[in-house]
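Below you'll find the structure, written out as structure tokens, and then a few comments.
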Amino acid sequence: MDDDVYMDLPGGDNFSDVTELFKDAAEDMHPGGLIMARDFTLHDAMAAFEIGEPRFDSGMALMDESRAVFNPLAPLLPEEVCWIIDRSFACEMEWHSGYTLSQTIFSFLYVHSLREIDPDLIPGDEIQNSMRPLELITVVLRASVFGLLKCCDLSWRELNKGNVYDAEDWQSEKCDVPLSEALPVNYIVSRLEEACIWLRNSPKAPSTWRNALLQRLILRKTLLDLLSAQLAKEYRQFQSIIDTARRLIQQIRQSPPPEPGQASPAPRAFDPQFARVLVSFIPLHVIQLPEQDKVWNTLLGLLNSLEQLSIMAEISNLSTWKIVGHVQLWSPKADQRLPYVRSACQSALFEDGLVLNKYTQKHVVDCFFMETLEVSYESFVDMLGRRWRGSTSLPLAHLERSITEIVLGYMKALWYNPARRRRYCMKSLFDWHDLYALLADIHSHLTPVTGLDFVSRLRAAVLMYRLSVIREVVFSGFQLSLYSAEERVFAYWYAVQVLEWQLSCLDQIMSEMSDSAALAELRFQSIFLTALQAISSAIFSVSLSKIGSSWQRMRLNFLRRYKWAFIDEYEDIDLAPVGHPNFLKFTTCCSAIPHDHDHSPSRQIELAGRLLAQLVTTPAGWAGPWSEYRKQFVRRLLEVCQSLQELPASMLEVDSWDVSKLKWDPEVHPWFPFIGNIAVVST
């Protein structure tokens, strides 16, 4: 490089070559050897790496030495105490959203100062300011902090059950900071009640902001009652508790405290860099707590979700649970998919060997038969016994266990995070096929029957479930934005095939069924799936121009994306799996459909629109109280259909049609593209 070219190197340009120095130092070391500094472990070395997770990525940030020293006994105005309590709710909701305790709760410095603000340890001869009585800290704020820690402890106990994933959905690391685990809830409640009594009766208590402080303490006590009731599964108490909490939040929002000034000690109660002085397993970056309105919205979302759970807990139909879980998964609202709520729903569904907190696991089998086939399991077993001609006994125990495990796993996974749900679905497909093969073996040992064959219908029901899982795997790829443009083409084609098989199963199951909630639900599903098939077919046919790679390259991508269909375990079962992807059929269809003069993308969209409009007025089926909730999802899909009406009328027009008009946005719709502008659904 020319000498006149100026190089501005990081740290300057006055460097010395130290290679030989390191060679001399390592002369006596063996290959692969390590020299560890004292008290420097492999864990410390790993913590030096940036891990790429935005919630944790710390970068190179130094401690802010300019912050004023926090004094937990610095006198506070009542409105400053209100502001501090409100921001402690912000810390709590951010922890529920997935950040660590270090970044949220433990950045609230009063959490670490409970001993310093203990009124029994403070000399009674201190001079006090009548506008800022010390009891606002030692009685009111201290009780609120205890309540906050206990709420976190109760939430931690639910989250630690294993229903949601530590370090993926939530963060369990306590950094050796206690969450009042040893203190019973009644003790914390008594501290909150004492603080309320002081506010109401003490001559030192400020008249202004008194009600505001009371509202915040009562809200904390109400949340303690709710979280305690949830752990005890006392769902019937939820409604009155939640109504109280909503009313208190409404009152608090009407008179928010003013933002404290720079001279106020209140902001010093929160140090976002405090995580750096705690014992932590991961590098953490500083987070910005959300605005208070968003905090209250998140808390209301938590309350709404628990209210919904209390209603679900009284419903014994597992099909209703499935519908609610699906719609929440397909159109998630951030404030109602918190890890705590998802764990609580799984606990209510199945825990300690009980289904819905009162039934044995056989309830899963009973629901599967009655809600899908409209026949009791007992009558099915009786029929099997009369027709069985096998040399061994009926494998009923195997059948019951398989149905129970697979259906329960399928139901609980509805409250996993979307990525985890997708992985679970892919792994469960072999189990569904194994159950289908078991029924095929049972059927081969039965005497033939004329007319209605319940075993054949049961096989169709199991296959229908398996195909629905495949459909969820395919469509979840759109929701998670996993597919490239070329992969979308195959995914929509494959969805059309899967939906065709699933509709065939539905027709077989519905044959000779009487009018009932089960039949109404199956009809709803049949119409809904037909609409999905029509939309998928239309999008596939207009997206063919997105294929730019060779068939060989696309096949390699296909094998990688759909590797779940080619695992070795399928070779252990004689019966070939139904519904697996076939790349050769895809290539054949891609070559044939441009010459199909009868295929019209716009007519497919028109058909889907008519079917979806019909669903808005159909009976609720098993949706029950959530019928309108499901219809909201249908209406949203209908909006997407209406935006797609300008698709080409025939395949002759596809080549000249601008496919770039199609826009995919999971926040508008999780599976399908749209044309034009459609507002994102508010979360």
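By order of appearance in the structure tokens: chains A, B, ..., then residues from 1 within every chain, and ligands from 1 in the order shown.
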- request: Excluding region 525-539 of chain A and residues on its chain fewer than 4 positions from it, collect all residues at most 8 Å away from it, counting only C-alpha atoms, and give them as a list in words.
  value: Val489, Tyr492, Trp493, Ala495, Val496, Leu499, Glu500, Leu503, Leu506, Glu521, Ser543, Ser600, Pro601, Ser602, Gln604, Ile605, Leu607, Ala608, Gly609, Leu611, Leu612, Leu615, Cys641 and Phe672 of chain A
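The protein and nucleic acid residues lying at most 6 Å from Ser107 (chain A) are Gln103, Thr104, Phe270, Asp271, Pro272 and Phe274 of chain A, with only C-alpha atoms considered and sequence neighbours fewer than 3 positions away removed.
Omitting Trp564 (chain A) and its sequence neighbours fewer than 4 positions away, and counting only C-alpha atoms, the residues within 10 Å are Arg423, Cys425, Met426, Lys427, Ser428, Leu429, Phe430, Leu559, Arg560, Asp568 and His580 of chain A.
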message: Using only C-alpha atoms for the distances, tell me which of A:Ser97, A:Asn417, A:Ser88, A:Thr208 is nearest to Gly301 (chain A).
response: A:Ser97
- request: Using DSSP on the backbone, list every residue of region 113-331 of chain A that comes out as helix (DSSP H, G or I), and give them as an NGL selection string.
  value: :A and (119-121 or 135-159 or 185-201 or 210-231 or 235-254 or 266-269 or 274-277 or 292-312 or 318-330)
message: Between CA of Gln346 (chain A) and CA of Asp243 (chain A), what is the distance in Å, rounded to a tenth?
response: 23.6 Å
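Residue nearest Gly579 (chain A) within the list A:Tyr340, A:Tyr494, A:Tyr436, A:Phe478: A:Tyr494 [criterion: smallest interatomic distance, only C-alpha atoms].
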